[in-house]
file run_25.cif (mmCIF, C-alpha atoms)
data_start
#
loop_
_atom_site.label_atom_id
_atom_site.label_comp_id
_atom_site.auth_asym_id
_atom_site.auth_seq_id
_atom_site.Cartn_x
_atom_site.Cartn_y
_atom_site.Cartn_z
CA MET A 5 5.79 6.29 5.95
CA ASN A 6 7.64 6.93 8.27
CA ARG A 7 8.43 7.45 4.71
CA ALA A 8 10.29 10.04 2.79
CA ILE A 9 8.23 11.89 0.80
CA ALA A 10 5.10 15.81 -3.79
CA ARG A 11 3.17 22.54 -8.37
CA ARG A 12 1.23 24.69 -9.05
CA ARG A 13 -0.25 23.97 -12.42
CA ILE A 14 -3.60 25.00 -13.75
CA ALA A 15 -5.56 21.89 -14.63
CA PRO A 16 -8.28 22.02 -17.28
CA ALA A 17 -11.69 22.95 -16.00
CA VAL A 18 -13.87 19.95 -15.33
CA ILE A 19 -17.41 19.33 -14.29
CA VAL A 20 -17.57 17.98 -10.75
CA ALA A 21 -20.25 15.38 -10.07
CA THR A 22 -22.91 16.00 -7.47
CA THR A 23 -21.84 12.97 -5.44
CA ALA A 24 -18.50 11.58 -4.32
CA ALA A 25 -16.97 9.49 -7.10
CA ALA A 26 -13.86 7.50 -7.92
CA VAL A 27 -11.97 8.51 -11.06
CA LEU A 28 -9.36 6.45 -12.89
CA THR A 29 -7.04 7.86 -15.54
CA GLY A 30 -6.69 6.18 -18.89
CA CYS A 31 -3.38 4.67 -17.80
CA GLY A 32 -4.97 3.18 -14.71
CA ASP A 33 -2.49 4.93 -12.43
CA GLN A 34 -4.77 7.25 -10.51
CA THR A 35 -7.88 7.17 -8.38
CA ALA A 36 -9.88 10.03 -6.98
CA GLY A 37 -12.94 10.90 -4.99
CA GLY A 38 -14.75 14.19 -5.08
CA SER A 39 -18.01 15.94 -4.52
CA SER A 40 -19.79 19.14 -5.32
CA SER A 41 -23.24 19.48 -3.91
CA GLY A 42 -24.24 22.41 -6.07
CA GLY A 43 -23.10 24.45 -9.06
CA THR A 44 -20.11 23.55 -11.24
CA ASN A 45 -16.40 24.02 -10.91
CA ASN A 46 -16.27 25.56 -14.37
CA GLY A 47 -17.74 28.59 -12.66
CA ALA A 48 -15.90 27.94 -9.39
CA VAL A 49 -19.16 27.33 -7.54
CA SER A 50 -19.83 24.63 -4.98
CA ASP A 51 -21.96 24.14 -1.90
CA ALA A 52 -19.26 22.06 -0.19
CA PRO A 53 -18.61 23.54 3.28
CA LEU A 54 -14.97 24.52 2.74
CA PHE A 55 -14.87 25.10 -1.02
CA SER A 56 -14.44 28.86 -0.60
CA LYS A 57 -11.22 28.32 1.37
CA LEU A 58 -9.44 26.78 -1.62
CA PRO A 59 -7.21 28.79 -3.97
CA ALA A 60 -9.10 30.08 -7.00
CA GLU A 61 -7.16 27.94 -9.47
CA ILE A 62 -8.01 24.78 -7.53
CA GLN A 63 -11.67 25.82 -7.40
CA LYS A 64 -11.67 26.35 -11.15
CA ALA A 65 -9.87 23.11 -11.92
CA GLY A 66 -12.11 21.11 -9.58
CA VAL A 67 -9.21 18.83 -8.77
CA ILE A 68 -6.26 18.41 -6.40
CA LYS A 69 -3.54 16.33 -8.05
CA VAL A 70 -1.95 13.95 -5.56
CA GLY A 71 1.43 12.25 -5.88
CA THR A 72 1.78 8.86 -4.19
CA ASP A 73 3.82 5.67 -4.22
CA ALA A 74 1.03 3.10 -4.32
CA THR A 75 3.09 0.15 -3.07
CA TYR A 76 2.55 0.63 0.63
CA ALA A 77 -0.38 -1.34 1.97
CA PRO A 78 -2.48 -0.54 3.91
CA MET A 79 -1.72 3.17 3.47
CA GLU A 80 -1.81 3.28 -0.33
CA PHE A 81 -1.63 0.40 -2.76
CA LYS A 82 -3.24 -0.93 -5.92
CA GLU A 83 -6.17 -3.26 -6.32
CA GLY A 84 -6.20 -3.84 -10.06
CA ASP A 85 -5.91 -0.39 -11.60
CA LYS A 86 -7.35 1.41 -8.59
CA ILE A 87 -5.29 3.03 -5.82
CA VAL A 88 -6.85 2.20 -2.45
CA GLY A 89 -5.99 2.35 1.23
CA VAL A 90 -5.96 4.71 4.19
CA ASP A 91 -4.77 7.79 2.31
CA PRO A 92 -7.25 7.49 -0.61
CA ASP A 93 -10.10 7.01 1.88
CA ILE A 94 -9.02 10.08 3.85
CA ALA A 95 -8.78 12.01 0.56
CA ALA A 96 -12.32 10.95 -0.38
CA ALA A 97 -13.57 12.30 2.94
CA LEU A 98 -11.64 15.55 2.43
CA SER A 99 -13.14 15.95 -1.04
CA LYS A 100 -16.64 16.04 0.41
CA GLN A 101 -15.66 18.99 2.59
CA LEU A 102 -13.67 20.83 -0.07
CA GLY A 103 -15.88 20.16 -3.11
CA VAL A 104 -13.05 19.09 -5.43
CA LYS A 105 -11.70 15.72 -6.47
CA PHE A 106 -8.42 14.23 -5.28
CA GLU A 107 -6.75 12.45 -8.21
CA PHE A 108 -3.94 10.08 -7.23
CA ALA A 109 -1.02 9.55 -9.60
CA GLY A 110 1.56 6.86 -8.89
CA GLY A 111 5.28 7.58 -8.75
CA THR A 112 8.51 6.37 -7.17
CA PHE A 113 8.67 7.46 -3.56
CA ASP A 114 11.99 9.29 -3.67
CA THR A 115 10.76 11.50 -6.57
CA LEU A 116 7.45 12.61 -5.07
CA LEU A 117 8.58 15.80 -3.33
CA THR A 118 10.46 16.91 -6.43
CA ALA A 119 7.30 16.44 -8.50
CA LEU A 120 5.47 18.61 -5.98
CA THR A 121 7.91 21.50 -6.00
CA THR A 122 8.20 21.47 -9.81
CA GLY A 123 4.44 21.82 -10.17
CA ARG A 124 3.48 18.39 -11.52
CA THR A 125 1.31 17.67 -8.48
CA ASP A 126 -0.49 19.81 -5.92
CA VAL A 127 0.11 17.67 -2.83
CA VAL A 128 1.73 14.41 -1.78
CA MET A 129 -0.19 11.82 0.23
CA SER A 130 2.13 8.86 0.59
CA SER A 131 2.76 8.16 4.28
CA VAL A 132 5.44 10.84 4.27
CA THR A 133 7.01 11.48 7.66
CA ASP A 134 7.08 15.17 8.52
CA THR A 135 10.68 16.08 9.36
CA LYS A 136 12.53 19.37 9.75
CA ALA A 137 14.88 18.29 6.97
CA ARG A 138 12.01 17.90 4.52
CA GLN A 139 10.45 21.15 5.67
CA GLU A 140 13.75 22.90 4.95
CA GLY A 141 14.67 21.02 1.76
CA LEU A 142 17.74 19.25 3.18
CA ASP A 143 19.14 15.87 2.14
CA ASP A 144 20.39 13.21 4.58
CA LYS A 145 23.77 14.99 4.71
CA GLY A 146 22.18 18.31 5.68
CA GLN A 147 22.82 19.85 2.27
CA LYS A 148 20.22 22.20 0.78
CA THR A 149 18.51 20.58 -2.20
CA GLY A 150 15.35 22.67 -2.52
CA ALA A 151 12.96 25.10 -0.89
CA GLY A 152 11.34 22.40 1.24
CA VAL A 153 7.65 21.77 1.80
CA ASP A 154 4.97 22.29 4.41
CA PHE A 155 3.15 19.38 6.01
CA VAL A 156 -0.40 19.02 7.24
CA ASP A 157 0.05 16.31 9.89
CA TYR A 158 -2.64 13.64 10.08
CA PHE A 159 -1.18 10.37 11.45
CA ILE A 160 1.45 9.11 13.89
CA ALA A 161 3.78 6.14 13.27
CA GLY A 162 7.29 4.95 14.00
CA SER A 163 9.67 2.53 12.31
CA VAL A 164 9.97 -1.13 13.28
CA VAL A 165 12.10 -4.12 12.38
CA TYR A 166 10.44 -7.07 10.70
CA VAL A 167 11.92 -10.50 10.01
CA GLN A 168 10.97 -13.85 8.52
CA LYS A 169 8.30 -15.70 10.45
CA GLY A 170 9.95 -17.71 13.20
CA ASN A 171 12.81 -15.20 13.41
CA PRO A 172 15.53 -17.66 12.32
CA GLN A 173 18.36 -15.22 13.12
CA LYS A 174 16.94 -14.47 16.59
CA VAL A 175 16.82 -10.71 16.05
CA ARG A 176 15.37 -8.96 19.10
CA SER A 177 15.76 -5.30 18.12
CA ILE A 178 17.46 -3.02 15.62
CA GLU A 179 20.63 -3.17 17.75
CA ASP A 180 21.01 -6.82 16.71
CA LEU A 181 21.41 -5.90 13.04
CA CYS A 182 25.06 -4.79 13.26
CA GLY A 183 26.91 -6.47 10.39
CA LYS A 184 23.70 -7.96 8.97
CA ALA A 185 21.94 -7.37 5.66
CA THR A 186 18.98 -5.05 6.23
CA ALA A 187 16.44 -4.20 3.51
CA VAL A 188 14.74 -0.78 3.25
CA GLN A 189 13.04 1.38 0.67
CA ARG A 190 15.29 4.10 -0.69
CA GLY A 191 14.61 7.71 0.33
CA THR A 192 12.53 6.86 3.38
CA THR A 193 12.88 7.86 6.99
CA PHE A 194 13.29 4.22 7.92
CA GLU A 195 16.32 4.11 5.63
CA THR A 196 17.59 7.00 7.78
CA VAL A 197 16.80 4.97 10.92
CA ALA A 198 18.89 2.11 9.54
CA LYS A 199 21.77 4.48 8.72
CA THR A 200 21.64 5.96 12.20
CA GLN A 201 21.81 2.50 13.74
CA SER A 202 24.68 1.59 11.44
CA LYS A 203 26.70 4.51 12.78
CA ALA A 204 25.83 3.46 16.34
CA CYS A 205 27.12 -0.03 15.59
CA GLU A 206 30.43 1.36 14.35
CA LYS A 207 30.73 3.68 17.34
CA ALA A 208 30.34 0.64 19.58
CA GLY A 209 33.14 -1.16 17.73
CA LYS A 210 30.76 -3.44 15.81
CA PRO A 211 30.35 -3.85 12.05
CA ALA A 212 27.99 -1.49 10.27
CA LEU A 213 24.62 -2.62 8.98
CA ARG A 214 24.77 -3.89 5.41
CA ILE A 215 21.93 -1.70 4.18
CA GLU A 216 20.24 -2.75 0.95
CA ALA A 217 18.06 0.10 -0.34
CA PHE A 218 15.46 -0.65 -3.03
CA PRO A 219 13.31 1.65 -5.21
CA THR A 220 10.10 0.11 -3.85
CA ASP A 221 9.01 -1.29 -0.53
CA ALA A 222 7.80 -4.47 -2.24
CA GLU A 223 11.35 -5.25 -3.37
CA ALA A 224 12.67 -4.82 0.17
CA GLN A 225 9.97 -7.14 1.50
CA THR A 226 10.82 -9.75 -1.12
CA ARG A 227 14.47 -9.62 -0.13
CA VAL A 228 13.60 -10.36 3.50
CA LYS A 229 11.09 -13.06 2.59
CA ALA A 230 13.68 -14.83 0.42
CA GLY A 231 16.29 -14.70 3.19
CA GLY A 232 18.65 -12.44 1.28
CA ALA A 233 18.31 -9.88 4.08
CA VAL A 234 18.12 -10.82 7.74
CA ALA A 235 15.53 -8.09 8.42
CA GLY A 236 13.72 -5.11 7.01
CA VAL A 237 12.88 -1.76 8.54
CA ASN A 238 9.48 -0.26 7.79
CA ASP A 239 6.72 1.95 9.15
CA TYR A 240 4.74 0.27 11.89
CA PRO A 241 1.30 0.20 10.16
CA VAL A 242 2.81 -1.30 7.02
CA ALA A 243 4.86 -3.88 8.91
CA LEU A 244 1.79 -4.80 10.95
CA HIS A 245 -0.22 -5.24 7.75
CA LEU A 246 2.54 -7.48 6.38
CA THR A 247 2.46 -9.74 9.41
CA ARG A 248 -1.30 -10.14 9.02
CA THR A 249 -1.52 -10.65 5.27
CA ALA A 250 1.74 -11.71 3.57
CA GLY A 251 1.78 -15.44 2.96
CA GLY A 252 -1.51 -15.76 4.79
CA GLY A 253 0.13 -14.29 7.88
CA ASN A 254 3.01 -16.78 7.77
CA ALA A 255 5.73 -14.70 6.08
CA PHE A 256 6.85 -12.06 8.60
CA GLU A 257 6.84 -10.99 12.22
CA ILE A 258 7.75 -7.75 14.01
CA VAL A 259 10.55 -7.63 16.58
CA GLY A 260 11.27 -4.89 19.11
CA ASP A 261 9.45 -1.62 19.69
CA GLN A 262 8.58 1.31 17.44
CA ILE A 263 11.54 3.61 16.74
CA GLU A 264 11.32 7.40 16.48
CA ALA A 265 7.54 7.69 16.16
CA GLY A 266 6.50 10.91 14.44
CA PRO A 267 3.78 12.46 12.27
CA PHE A 268 2.89 11.60 8.70
CA GLY A 269 1.96 14.71 6.75
CA ILE A 270 0.26 15.73 3.53
CA ALA A 271 3.02 17.64 1.77
CA VAL A 272 2.19 20.99 0.17
CA ASP A 273 4.46 23.48 -1.59
CA LYS A 274 5.50 26.26 0.79
CA LYS A 275 4.01 28.86 -1.52
CA ASP A 276 0.57 27.24 -1.29
CA THR A 277 -0.38 28.31 2.21
CA GLN A 278 -4.05 28.75 1.24
CA LEU A 279 -4.29 25.17 -0.01
CA ARG A 280 -2.40 23.93 3.05
CA ASP A 281 -4.75 25.69 5.45
CA ALA A 282 -7.86 24.53 3.60
CA ILE A 283 -6.71 20.92 3.85
CA LYS A 284 -5.97 21.35 7.54
CA ASP A 285 -9.45 22.75 8.16
CA ALA A 286 -11.04 19.87 6.23
CA LEU A 287 -9.00 17.33 8.18
CA ASN A 288 -10.19 18.77 11.46
CA VAL A 289 -13.79 18.49 10.28
CA ILE A 290 -13.49 14.79 9.40
CA ILE A 291 -11.56 14.10 12.61
CA ASN A 292 -14.33 15.68 14.64
CA ASP A 293 -17.20 13.99 12.78
CA GLY A 294 -15.62 10.51 13.01
CA THR A 295 -15.12 9.95 9.28
CA TYR A 296 -11.33 10.05 9.67
CA LYS A 297 -11.18 7.37 12.38
CA LYS A 298 -13.57 5.18 10.41
CA ALA A 299 -11.20 5.30 7.44
CA LEU A 300 -8.24 4.28 9.62
CA ASP A 301 -10.10 1.51 11.40
CA LYS A 302 -11.23 0.06 8.06
CA TRP A 303 -7.58 -0.72 7.29
CA GLY A 304 -6.45 -1.65 10.80
CA ALA A 305 -4.52 1.61 11.22
CA GLY A 306 -6.53 3.17 14.05
CA SER A 307 -3.58 3.14 16.46
CA GLY A 308 -2.02 5.99 14.46
CA ALA A 309 -4.99 8.34 14.78
CA VAL A 310 -4.48 11.97 15.82
CA THR A 311 -7.01 14.16 17.63
CA SER A 312 -6.38 17.24 15.50
CA ALA A 313 -4.50 18.21 12.37
CA GLY A 314 -1.28 20.18 12.72
CA ILE A 315 1.22 21.96 10.49
CA ASN A 316 4.95 21.16 10.44
CA GLY A 317 4.92 19.30 13.73
CA GLY A 318 7.82 17.00 12.80
CA SER A 319 11.31 17.19 14.25
#
call {"tool": "encode", "arguments": {"input": "run_25.cif", "output": "structure tokens"}}
result
Amino acid sequence: MNRAIARRRIAPAVIVATTAAAVLTGCGDQTAGGSSSGGTNNGAVSDAPLFSKLPAEIQKAGVIKVGTDATYAPMEFKEGDKIVGVDPDIAAALSKQLGVKFEFAGGTFDTLLTALTTGRTDVVMSSVTDTKARQEGLDDKGQKTGAGVDFVDYFIAGSVVYVQKGNPQKVRSIEDLCGKATAVQRGTTFETVAKTQSKACEKAGKPALRIEAFPTDAEAQTRVKAGGAVAGVNDYPVALHLTRTAGGGNAFEIVGDQIEAGPFGIAVDKKDTQLRDAIKDALNVIINDGTYKKALDKWGAGSGAVTSAGINGGS
């Protein structure tokens, strides 16, 4: 999202179905799509075009475990027990090229990259903005907190300000939030955007933003909807979805322009260059064959489409 941010573990061997399929865990916290057009993954055999590019342990497992925060419509969110949205649909398309399933497991956004680097997941797909700090494992103070991750970039979005419908406080841009309560999700790049603006307010002799950071995006939205916060800051595709759907389209509106647009990336442990490159190759295939754009357009996110996948393109 413009969001903050998921290692290597050997999963049990599984039989991969001969057609793409959705898989839900017993706890109802995951969804996956996968395909194998020939052979079985017990024997690390598949006719999928890019199966041979995957690491051997992923081939054998037949699965890529994906960390996500499924509270971020339309990118990833829950319908009943199933995780749906842009990222799961892209993953389903990738699975047809790679011949393994993508299994999504829900988690809190600010813990996803840690889960990746400790081996609990293989990748993170959660609208994570690719930044140099995340690539290098730095916190928002520039302190080293880990080895960092690599990103396979697949989407472009910036942050925006959203307010109650009718804009009762007459907010025109993020510069108008000096001294005002502003709701964000903790650990995200749009929390960083709010902090940056807060410092700019103080430098200009104005009061700092009163930033209220919540564990989930839904809590931040609720705070704005209830009037406890004057505005929220969010990724553009999510804010746009809110304006169209929340309260039947009568809850929120966007003010001002996108701020600091940059790439979303699929996060992969730096040691897993083979998995990273296989995902990049698969992304380029679905971009070129139109499957990728179809997935974005289904959720009204086509404005963020890229023309090719990249690696570590964030700044």
call {"tool": "closest_residue", "arguments": {"input": "run_25.cif", "among": "A:Glu80, A:Gly252, A:Leu279, A:Thr247", "to": "Lys57 (chain A)", "atoms": "only C-alpha atoms"}}
result
A:Leu279
call {"tool": "axis_aligned_box", "arguments": {"input": "run_25.cif", "around": "region 91-101 of chain A", "padding_each_side": "8 Å", "output": "AutoDock Vina command-line options"}}
result
--center_x -10.7 --center_y 13.0 --center_z 1.4 --size_x 27.9 --size_y 28.0 --size_z 20.9
call {"tool": "residues_near_point", "arguments": {"input": "run_25.cif", "point": "(3.9, -9.3, 7.9)", "cutoff": "12 Å", "atoms": "all atoms listed in the file", "output": "JSON list (two decimals) with C-alpha atoms, in the coordinates of the input"}}
result
[["chain", "number", "residue", "atom", "x", "y", "z"],
["A", 77, "ALA", "CA", -0.38, -1.34, 1.97],
["A", 78, "PRO", "CA", -2.48, -0.54, 3.91],
["A", 164, "VAL", "CA", 9.97, -1.13, 13.28],
["A", 165, "VAL", "CA", 12.10, -4.12, 12.38],
["A", 166, "TYR", "CA", 10.44, -7.07, 10.70],
["A", 167, "VAL", "CA", 11.92, -10.50, 10.01],
["A", 168, "GLN", "CA", 10.97, -13.85, 8.52],
["A", 169, "LYS", "CA", 8.30, -15.70, 10.45],
["A", 170, "GLY", "CA", 9.95, -17.71, 13.20],
["A", 222, "ALA", "CA", 7.80, -4.47, -2.24],
["A", 225, "GLN", "CA", 9.97, -7.14, 1.50],
["A", 226, "THR", "CA", 10.82, -9.75, -1.12],
["A", 228, "VAL", "CA", 13.60, -10.36, 3.50],
["A", 229, "LYS", "CA", 11.09, -13.06, 2.59],
["A", 235, "ALA", "CA", 15.53, -8.09, 8.42],
["A", 236, "GLY", "CA", 13.72, -5.11, 7.01],
["A", 237, "VAL", "CA", 12.88, -1.76, 8.54],
["A", 238, "ASN", "CA", 9.48, -0.26, 7.79],
["A", 239, "ASP", "CA", 6.72, 1.95, 9.15],
["A", 240, "TYR", "CA", 4.74, 0.27, 11.89],
["A", 241, "PRO", "CA", 1.30, 0.20, 10.16],
["A", 242, "VAL", "CA", 2.81, -1.30, 7.02],
["A", 243, "ALA", "CA", 4.86, -3.88, 8.91],
["A", 244, "LEU", "CA", 1.79, -4.80, 10.95],
["A", 245, "HIS", "CA", -0.22, -5.24, 7.75],
["A", 246, "LEU", "CA", 2.54, -7.48, 6.38],
["A", 247, "THR", "CA", 2.46, -9.74, 9.41],
["A", 248, "ARG", "CA", -1.30, -10.14, 9.02],
["A", 249, "THR", "CA", -1.52, -10.65, 5.27],
["A", 250, "ALA", "CA", 1.74, -11.71, 3.57],
["A", 251, "GLY", "CA", 1.78, -15.44, 2.96],
["A", 252, "GLY", "CA", -1.51, -15.76, 4.79],
["A", 253, "GLY", "CA", 0.13, -14.29, 7.88],
["A", 254, "ASN", "CA", 3.01, -16.78, 7.77],
["A", 255, "ALA", "CA", 5.73, -14.70, 6.08],
["A", 256, "PHE", "CA", 6.85, -12.06, 8.60],
["A", 257, "GLU", "CA", 6.84, -10.99, 12.22],
["A", 258, "ILE", "CA", 7.75, -7.75, 14.01],
["A", 259, "VAL", "CA", 10.55, -7.63, 16.58]]
call {"tool": "residues_around", "arguments": {"input": "run_25.cif", "residues": "region 132-136 of chain A", "least_positions_apart": "2", "cutoff": "10 Å", "atoms": "only C-alpha atoms", "output": "ChimeraX atom specification"}}
result
/A:5-10,72,113,116-117,128-130,138-142,152-162,192-194,239,265-271,315-319
call {"tool": "atom_distance", "arguments": {"input": "run_25.cif", "atom1": "CA of Thr125 (chain A)", "atom2": "CA of Ala109 (chain A)"}}
result
8.5 Å
